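What follows is a set of notes on a single structure, which appears directly below.
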Amino acid sequence: MTPPDEDELTGIHCRLDELLAERGMTLTRLSELVGVSIVNLSVLKNDRARAIRYSTLSAICRALDCEVGELLVRAD
């Protein structure tokens, strides 16, 4: 099996934009709450992340009061 191309889609969609809008929260505020840079959150939000730490995932879900399955969904 060959490793995925850097530009290859993962089949996972991050609903960060939608969840932020539903909660009236900005990316800047989320960054402050979870201690993750705006740049890294933007990478996640734009489905460009190749990996995420469980601790980061947990902190985002805690800040947005959501479950992992509400944040990350299959895109295929």
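Just remember, in the structure tokens the first chain shown is A, the second B, etc., residues are 1-based per chain, and ligands are 1-based in the order shown.
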**Message:** I'd like the contact shell of segment 14-18 of chain A - 10 Å cut-off, only C-alpha atoms, skipping same-chain residues fewer than 3 positions apart - returned as a count of residues only.
**Reply:** 27
**Message:** To one decimal place in Å, what is the distance between atom CA of Ala63 of chain A and atom CA of Arg50 of chain A?
**Reply:**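 Those two atoms sit 21.7 Å apart.
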**Request:** Using backbone DSSP assignments, extract all strand (DSSP E) residues from chain A; output them as JSON, numbers by chain.
**Result:** {"A": [12, 13, 14, 72, 73, 74]}
**Request:** Go through A:Leu19, A:Val39, A:Leu30, A:Leu9 and flag the residue nearest Ala59 of chain A, using only C-alpha atoms for the distances.
**Result:**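 Going through A:Leu19, A:Val39, A:Leu30, A:Leu9 one by one, the smallest distance to Ala59 of chain A is for A:Leu30.
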**Message:** My list of candidates is A:Thr56, A:Gly11, A:Asp76, A:Glu67. Which is closest to Ser31 of chain A when distances are computed with only C-alpha atoms?
**Reply:**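 Using only C-alpha atoms, Ser31 of chain A sits closest to A:Thr56.
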**Item:** Pick from A:Ile12, A:Asn40, A:Asp65, A:Ser55 nearest to Thr28 of chain A, counting only C-alpha atoms
**Value:**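 Closest residue, counting only C-alpha atoms: A:Asn40.
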**Item:** helix (DSSP H, G or I) per DSSP on the backbone: members of chain A, as a PyMOL selection string
**Value:** chain A and resi 16-23+27-34+38-45+54-64+68-71
